[in-house]
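Visitor: Dropping in query-v1.cif, which is mmCIF, N, CA and C atoms, pLDDT in the B column; chains and numbers go by the auth columns:
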data_work
loop_
_atom_site.group_PDB
_atom_site.id
_atom_site.type_symbol
_atom_site.label_atom_id
_atom_site.label_comp_id
_atom_site.label_asym_id
_atom_site.label_seq_id
_atom_site.Cartn_x
_atom_site.Cartn_y
_atom_site.Cartn_z
_atom_site.B_iso_or_equiv
_atom_site.auth_seq_id
_atom_site.auth_asym_id
ATOM 1 N N MET A 1 61.109 11.308 27.503 63.00 29 A
ATOM 2 C CA MET A 1 61.764 12.521 27.902 63.00 29 A
ATOM 3 C C MET A 1 62.341 12.312 29.311 63.00 29 A
ATOM 4 N N PRO A 2 63.628 12.533 29.498 69.00 30 A
ATOM 5 C CA PRO A 2 64.240 12.337 30.817 69.00 30 A
ATOM 6 C C PRO A 2 63.806 13.417 31.797 69.00 30 A
ATOM 7 N N HIS A 3 63.736 13.026 33.048 73.00 31 A
ATOM 8 C CA HIS A 3 63.393 13.952 34.126 73.00 31 A
ATOM 9 C C HIS A 3 64.419 13.810 35.233 73.00 31 A
ATOM 10 N N LYS A 4 64.711 14.902 35.889 77.00 32 A
ATOM 11 C CA LYS A 4 65.624 14.877 37.018 77.00 32 A
ATOM 12 C C LYS A 4 64.830 15.233 38.263 77.00 32 A
ATOM 13 N N MET A 5 64.988 14.426 39.310 74.00 33 A
ATOM 14 C CA MET A 5 64.311 14.729 40.564 74.00 33 A
ATOM 15 C C MET A 5 65.209 14.359 41.726 74.00 33 A
ATOM 16 N N THR A 6 64.989 14.999 42.848 77.00 34 A
ATOM 17 C CA THR A 6 65.753 14.723 44.054 77.00 34 A
ATOM 18 C C THR A 6 64.867 13.972 45.032 77.00 34 A
ATOM 19 N N LEU A 7 65.354 12.843 45.532 75.00 35 A
ATOM 20 C CA LEU A 7 64.612 12.037 46.486 75.00 35 A
ATOM 21 C C LEU A 7 65.255 12.179 47.853 75.00 35 A
ATOM 22 N N THR A 8 64.426 12.300 48.872 76.00 36 A
ATOM 23 C CA THR A 8 64.941 12.333 50.236 76.00 36 A
ATOM 24 C C THR A 8 64.346 11.160 50.985 76.00 36 A
ATOM 25 N N GLY A 9 65.085 10.604 51.887 79.00 37 A
ATOM 26 C CA GLY A 9 64.612 9.451 52.644 79.00 37 A
ATOM 27 C C GLY A 9 65.669 8.375 52.638 79.00 37 A
ATOM 28 N N SER A 10 65.260 7.166 52.976 83.00 38 A
ATOM 29 C CA SER A 10 66.207 6.056 52.994 83.00 38 A
ATOM 30 C C SER A 10 65.540 4.818 52.433 83.00 38 A
ATOM 31 N N ALA A 11 66.341 3.983 51.802 85.00 39 A
ATOM 32 C CA ALA A 11 65.822 2.739 51.228 85.00 39 A
ATOM 33 C C ALA A 11 65.418 1.793 52.363 85.00 39 A
ATOM 34 N N THR A 12 64.294 1.113 52.172 87.00 40 A
ATOM 35 C CA THR A 12 63.819 0.195 53.203 87.00 40 A
ATOM 36 C C THR A 12 63.986 -1.265 52.800 87.00 40 A
ATOM 37 N N GLY A 13 64.516 -1.497 51.633 85.00 41 A
ATOM 38 C CA GLY A 13 64.704 -2.869 51.175 85.00 41 A
ATOM 39 C C GLY A 13 65.782 -2.928 50.113 85.00 41 A
ATOM 40 N N PRO A 14 65.971 -4.098 49.540 90.00 42 A
ATOM 41 C CA PRO A 14 67.023 -4.258 48.529 90.00 42 A
ATOM 42 C C PRO A 14 66.625 -3.654 47.179 90.00 42 A
ATOM 43 N N LEU A 15 67.622 -3.383 46.369 88.00 43 A
ATOM 44 C CA LEU A 15 67.415 -2.942 44.998 88.00 43 A
ATOM 45 C C LEU A 15 66.964 -4.148 44.193 88.00 43 A
ATOM 46 N N ARG A 16 65.851 -4.020 43.479 90.00 44 A
ATOM 47 C CA ARG A 16 65.339 -5.118 42.662 90.00 44 A
ATOM 48 C C ARG A 16 65.569 -4.774 41.193 90.00 44 A
ATOM 49 N N GLU A 17 66.248 -5.664 40.496 90.00 45 A
ATOM 50 C CA GLU A 17 66.549 -5.450 39.083 90.00 45 A
ATOM 51 C C GLU A 17 65.593 -6.263 38.228 90.00 45 A
ATOM 52 N N TYR A 18 64.935 -5.574 37.292 88.00 46 A
ATOM 53 C CA TYR A 18 64.026 -6.210 36.353 88.00 46 A
ATOM 54 C C TYR A 18 64.626 -6.101 34.958 88.00 46 A
ATOM 55 N N ASP A 19 63.879 -6.526 33.958 87.00 47 A
ATOM 56 C CA ASP A 19 64.395 -6.568 32.594 87.00 47 A
ATOM 57 C C ASP A 19 64.892 -5.203 32.112 87.00 47 A
ATOM 58 N N ARG A 20 64.058 -4.155 32.253 85.00 48 A
ATOM 59 C CA ARG A 20 64.438 -2.844 31.719 85.00 48 A
ATOM 60 C C ARG A 20 64.455 -1.728 32.753 85.00 48 A
ATOM 61 N N TYR A 21 64.263 -2.057 34.021 86.00 49 A
ATOM 62 C CA TYR A 21 64.282 -1.025 35.054 86.00 49 A
ATOM 63 C C TYR A 21 64.685 -1.617 36.394 86.00 49 A
ATOM 64 N N VAL A 22 65.002 -0.746 37.325 88.00 50 A
ATOM 65 C CA VAL A 22 65.305 -1.152 38.689 88.00 50 A
ATOM 66 C C VAL A 22 64.286 -0.481 39.606 88.00 50 A
ATOM 67 N N ALA A 23 64.035 -1.085 40.761 90.00 51 A
ATOM 68 C CA ALA A 23 63.048 -0.539 41.690 90.00 51 A
ATOM 69 C C ALA A 23 63.527 -0.732 43.125 90.00 51 A
ATOM 70 N N PHE A 24 63.102 0.159 43.991 88.00 52 A
ATOM 71 C CA PHE A 24 63.372 0.027 45.418 88.00 52 A
ATOM 72 C C PHE A 24 62.316 0.804 46.186 88.00 52 A
ATOM 73 N N ASP A 25 62.102 0.432 47.436 89.00 53 A
ATOM 74 C CA ASP A 25 61.148 1.112 48.295 89.00 53 A
ATOM 75 C C ASP A 25 61.893 2.091 49.184 89.00 53 A
ATOM 76 N N MET A 26 61.281 3.230 49.430 87.00 54 A
ATOM 77 C CA MET A 26 61.885 4.253 50.270 87.00 54 A
ATOM 78 C C MET A 26 60.907 4.693 51.342 87.00 54 A
ATOM 79 N N ARG A 27 61.450 5.217 52.430 86.00 55 A
ATOM 80 C CA ARG A 27 60.626 5.800 53.480 86.00 55 A
ATOM 81 C C ARG A 27 61.201 7.168 53.822 86.00 55 A
ATOM 82 N N GLU A 28 60.311 8.130 53.856 81.00 56 A
ATOM 83 C CA GLU A 28 60.700 9.488 54.218 81.00 56 A
ATOM 84 C C GLU A 28 60.067 9.814 55.565 81.00 56 A
ATOM 85 N N LYS A 29 60.832 10.481 56.407 74.00 57 A
ATOM 86 C CA LYS A 29 60.362 10.760 57.754 74.00 57 A
ATOM 87 C C LYS A 29 59.126 11.645 57.766 74.00 57 A
ATOM 88 N N GLY A 30 58.927 12.441 56.759 66.00 58 A
ATOM 89 C CA GLY A 30 57.745 13.287 56.723 66.00 58 A
ATOM 90 C C GLY A 30 57.971 14.606 57.424 66.00 58 A
ATOM 91 N N SER A 31 56.897 15.173 57.895 63.00 59 A
ATOM 92 C CA SER A 31 56.947 16.502 58.474 63.00 59 A
ATOM 93 C C SER A 31 56.154 16.533 59.769 63.00 59 A
ATOM 94 N N PRO A 32 56.560 17.375 60.697 63.00 60 A
ATOM 95 C CA PRO A 32 55.766 17.500 61.923 63.00 60 A
ATOM 96 C C PRO A 32 54.352 17.993 61.640 63.00 60 A
ATOM 97 N N SER A 33 54.150 18.721 60.528 63.00 61 A
ATOM 98 C CA SER A 33 52.799 19.131 60.163 63.00 61 A
ATOM 99 C C SER A 33 52.255 18.106 59.184 63.00 61 A
ATOM 100 N N ALA A 34 51.335 17.303 59.639 60.00 62 A
ATOM 101 C CA ALA A 34 50.761 16.243 58.805 60.00 62 A
ATOM 102 C C ALA A 34 49.945 16.851 57.667 60.00 62 A
ATOM 103 N N PRO A 35 49.794 16.100 56.557 61.00 63 A
ATOM 104 C CA PRO A 35 48.978 16.588 55.454 61.00 63 A
ATOM 105 C C PRO A 35 47.536 16.814 55.900 61.00 63 A
ATOM 106 N N LYS A 36 46.860 17.726 55.228 67.00 64 A
ATOM 107 C CA LYS A 36 45.473 18.044 55.553 67.00 64 A
ATOM 108 C C LYS A 36 44.612 16.781 55.471 67.00 64 A
ATOM 109 N N GLY A 37 43.801 16.558 56.463 67.00 65 A
ATOM 110 C CA GLY A 37 42.925 15.395 56.488 67.00 65 A
ATOM 111 C C GLY A 37 43.516 14.206 57.225 67.00 65 A
ATOM 112 N N SER A 38 44.794 14.253 57.561 63.00 66 A
ATOM 113 C CA SER A 38 45.433 13.157 58.277 63.00 66 A
ATOM 114 C C SER A 38 45.134 13.281 59.769 63.00 66 A
ATOM 115 N N LYS A 39 44.832 12.156 60.400 64.00 67 A
ATOM 116 C CA LYS A 39 44.523 12.163 61.822 64.00 67 A
ATOM 117 C C LYS A 39 45.780 12.067 62.679 64.00 67 A
ATOM 118 N N GLU A 40 46.862 11.626 62.090 62.00 68 A
ATOM 119 C CA GLU A 40 48.118 11.471 62.826 62.00 68 A
ATOM 120 C C GLU A 40 48.853 12.806 62.896 62.00 68 A
ATOM 121 N N GLU A 41 49.567 13.007 63.993 61.00 69 A
ATOM 122 C CA GLU A 41 50.335 14.232 64.142 61.00 69 A
ATOM 123 C C GLU A 41 51.633 14.170 63.346 61.00 69 A
ATOM 124 N N TYR A 42 52.234 12.980 63.259 58.00 70 A
ATOM 125 C CA TYR A 42 53.501 12.817 62.552 58.00 70 A
ATOM 126 C C TYR A 42 53.353 11.648 61.594 58.00 70 A
ATOM 127 N N VAL A 43 53.630 11.846 60.341 64.00 71 A
ATOM 128 C CA VAL A 43 53.353 10.850 59.303 64.00 71 A
ATOM 129 C C VAL A 43 54.638 10.425 58.600 64.00 71 A
ATOM 130 N N TYR A 44 54.781 9.122 58.352 73.00 72 A
ATOM 131 C CA TYR A 44 55.867 8.606 57.518 73.00 72 A
ATOM 132 C C TYR A 44 55.310 8.353 56.126 73.00 72 A
ATOM 133 N N PHE A 45 56.062 8.689 55.100 75.00 73 A
ATOM 134 C CA PHE A 45 55.657 8.436 53.729 75.00 73 A
ATOM 135 C C PHE A 45 56.477 7.273 53.187 75.00 73 A
ATOM 136 N N VAL A 46 55.804 6.293 52.607 79.00 74 A
ATOM 137 C CA VAL A 46 56.472 5.133 52.017 79.00 74 A
ATOM 138 C C VAL A 46 56.105 5.123 50.535 79.00 74 A
ATOM 139 N N TYR A 47 57.098 4.970 49.678 81.00 75 A
ATOM 140 C CA TYR A 47 56.819 4.957 48.251 81.00 75 A
ATOM 141 C C TYR A 47 57.793 4.047 47.529 81.00 75 A
ATOM 142 N N ARG A 48 57.401 3.588 46.337 83.00 76 A
ATOM 143 C CA ARG A 48 58.228 2.725 45.499 83.00 76 A
ATOM 144 C C ARG A 48 58.787 3.567 44.361 83.00 76 A
ATOM 145 N N VAL A 49 60.076 3.441 44.133 82.00 77 A
ATOM 146 C CA VAL A 49 60.766 4.189 43.088 82.00 77 A
ATOM 147 C C VAL A 49 61.168 3.222 41.987 82.00 77 A
ATOM 148 N N CYS A 50 60.783 3.539 40.755 82.00 78 A
ATOM 149 C CA CYS A 50 61.163 2.738 39.586 82.00 78 A
ATOM 150 C C CYS A 50 61.990 3.616 38.658 82.00 78 A
ATOM 151 N N CYS A 51 63.138 3.120 38.233 81.00 79 A
ATOM 152 C CA CYS A 51 64.031 3.875 37.348 81.00 79 A
ATOM 153 C C CYS A 51 64.310 3.051 36.112 81.00 79 A
ATOM 154 N N GLN A 52 64.014 3.619 34.965 81.00 80 A
ATOM 155 C CA GLN A 52 64.292 2.937 33.716 81.00 80 A
ATOM 156 C C GLN A 52 65.753 3.144 33.360 81.00 80 A
ATOM 157 N N GLU A 53 66.368 2.118 32.807 69.00 81 A
ATOM 158 C CA GLU A 53 67.758 2.244 32.363 69.00 81 A
ATOM 159 C C GLU A 53 67.822 3.188 31.168 69.00 81 A
ATOM 160 N N SER A 54 68.855 4.016 31.135 66.00 82 A
ATOM 161 C CA SER A 54 69.013 4.890 29.982 66.00 82 A
ATOM 162 C C SER A 54 69.660 4.123 28.845 66.00 82 A
ATOM 163 N N LEU A 55 69.297 4.479 27.644 56.00 83 A
ATOM 164 C CA LEU A 55 69.813 3.769 26.462 56.00 83 A
ATOM 165 C C LEU A 55 71.064 4.410 25.941 56.00 83 A
#
Rewrite the structure from the file as structure tokens, please.
Guide:
Amino acid sequence: MPHKMTLTGSATGPLREYDRYVAFDMREKGSPSAPKGSKEEYVYFVYRVCCQESL
């Protein structure tokens, strides 16, 4: 089932192409209010995005 989502941030590396999907790493600046339990005042979020090719 396809899903639509909006990503904010910027790519931190090259686009990697695999057999049936592409992937890239992103970094989002985060928020001045850190998540609950975080000791840092300002947090960067880093995540890997994988996208399957549509048929």
Visitor: Could you tell me, as an mmCIF file with N, CA and C atoms, in the frame of the given file, exactly which residues end up selected when the PyMOL selection byres (((chain A and resi 40 and name CA) around 10) and name CA) is applied to this structure?
Guide:
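As a result, selection.cif now contains:
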data_model
loop_
_atom_site.group_PDB
_atom_site.id
_atom_site.type_symbol
_atom_site.label_atom_id
_atom_site.label_comp_id
_atom_site.auth_asym_id
_atom_site.auth_seq_id
_atom_site.Cartn_x
_atom_site.Cartn_y
_atom_site.Cartn_z
ATOM 1 N N GLY A 37 65.085 10.604 51.887
ATOM 2 C CA GLY A 37 64.612 9.451 52.644
ATOM 3 C C GLY A 37 65.669 8.375 52.638
ATOM 4 N N SER A 38 65.260 7.166 52.976
ATOM 5 C CA SER A 38 66.207 6.056 52.994
ATOM 6 C C SER A 38 65.540 4.818 52.433
ATOM 7 N N ALA A 39 66.341 3.983 51.802
ATOM 8 C CA ALA A 39 65.822 2.739 51.228
ATOM 9 C C ALA A 39 65.418 1.793 52.363
ATOM 10 N N GLY A 41 64.516 -1.497 51.633
ATOM 11 C CA GLY A 41 64.704 -2.869 51.175
ATOM 12 C C GLY A 41 65.782 -2.928 50.113
ATOM 13 N N PRO A 42 65.971 -4.098 49.540
ATOM 14 C CA PRO A 42 67.023 -4.258 48.529
ATOM 15 C C PRO A 42 66.625 -3.654 47.179
ATOM 16 N N LEU A 43 67.622 -3.383 46.369
ATOM 17 C CA LEU A 43 67.415 -2.942 44.998
ATOM 18 C C LEU A 43 66.964 -4.148 44.193
ATOM 19 N N PHE A 52 63.102 0.159 43.991
ATOM 20 C CA PHE A 52 63.372 0.027 45.418
ATOM 21 C C PHE A 52 62.316 0.804 46.186
ATOM 22 N N ASP A 53 62.102 0.432 47.436
ATOM 23 C CA ASP A 53 61.148 1.112 48.295
ATOM 24 C C ASP A 53 61.893 2.091 49.184
ATOM 25 N N MET A 54 61.281 3.230 49.430
ATOM 26 C CA MET A 54 61.885 4.253 50.270
ATOM 27 C C MET A 54 60.907 4.693 51.342
ATOM 28 N N ARG A 55 61.450 5.217 52.430
ATOM 29 C CA ARG A 55 60.626 5.800 53.480
ATOM 30 C C ARG A 55 61.201 7.168 53.822
ATOM 31 N N GLU A 56 60.311 8.130 53.856
ATOM 32 C CA GLU A 56 60.700 9.488 54.218
ATOM 33 C C GLU A 56 60.067 9.814 55.565
ATOM 34 N N VAL A 74 55.804 6.293 52.607
ATOM 35 C CA VAL A 74 56.472 5.133 52.017
ATOM 36 C C VAL A 74 56.105 5.123 50.535
ATOM 37 N N TYR A 75 57.098 4.970 49.678
ATOM 38 C CA TYR A 75 56.819 4.957 48.251
ATOM 39 C C TYR A 75 57.793 4.047 47.529
ATOM 40 N N ARG A 76 57.401 3.588 46.337
ATOM 41 C CA ARG A 76 58.228 2.725 45.499
ATOM 42 C C ARG A 76 58.787 3.567 44.361
#
Visitor: Write out as a compact mmCIF listing (two decimals) with N, CA and C atoms, in the frame of the given file which residues come within 12 Å of A:Gln80 when counting only C-alpha atoms, dropping same-chain ones fewer than 4 positions away.
Guide:
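Writing the result to around34.txt gives the following:
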# COMPACT_ATOMS: atom_id res chain seq x y z
N MET A 29 61.11 11.31 27.50
CA MET A 29 61.76 12.52 27.90
C MET A 29 62.34 12.31 29.31
N PRO A 30 63.63 12.53 29.50
CA PRO A 30 64.24 12.34 30.82
C PRO A 30 63.81 13.42 31.80
N HIS A 31 63.74 13.03 33.05
CA HIS A 31 63.39 13.95 34.13
C HIS A 31 64.42 13.81 35.23
N GLU A 45 66.25 -5.66 40.50
CA GLU A 45 66.55 -5.45 39.08
C GLU A 45 65.59 -6.26 38.23
N TYR A 46 64.94 -5.57 37.29
CA TYR A 46 64.03 -6.21 36.35
C TYR A 46 64.63 -6.10 34.96
N ASP A 47 63.88 -6.53 33.96
CA ASP A 47 64.40 -6.57 32.59
C ASP A 47 64.89 -5.20 32.11
N ARG A 48 64.06 -4.16 32.25
CA ARG A 48 64.44 -2.84 31.72
C ARG A 48 64.46 -1.73 32.75
N TYR A 49 64.26 -2.06 34.02
CA TYR A 49 64.28 -1.02 35.05
C TYR A 49 64.68 -1.62 36.39
N VAL A 50 65.00 -0.75 37.33
CA VAL A 50 65.31 -1.15 38.69
C VAL A 50 64.29 -0.48 39.61
N ALA A 51 64.04 -1.08 40.76
CA ALA A 51 63.05 -0.54 41.69
C ALA A 51 63.53 -0.73 43.12
Visitor: Could you state the separation of atom CA of A:Lys32 and atom CA of A:Tyr72 in Å, given to one decimal place?
Guide: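 Taking atom CA of A:Lys32 as the start and atom CA of A:Tyr72 as the end point, the length is 23.6 Å.
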Visitor: Figure out the distance between atom C of A:Lys57 and atom C of A:Arg44, please, to one decimal in Å.
Guide: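 Computing it gives 24.2 Å between the two atoms.
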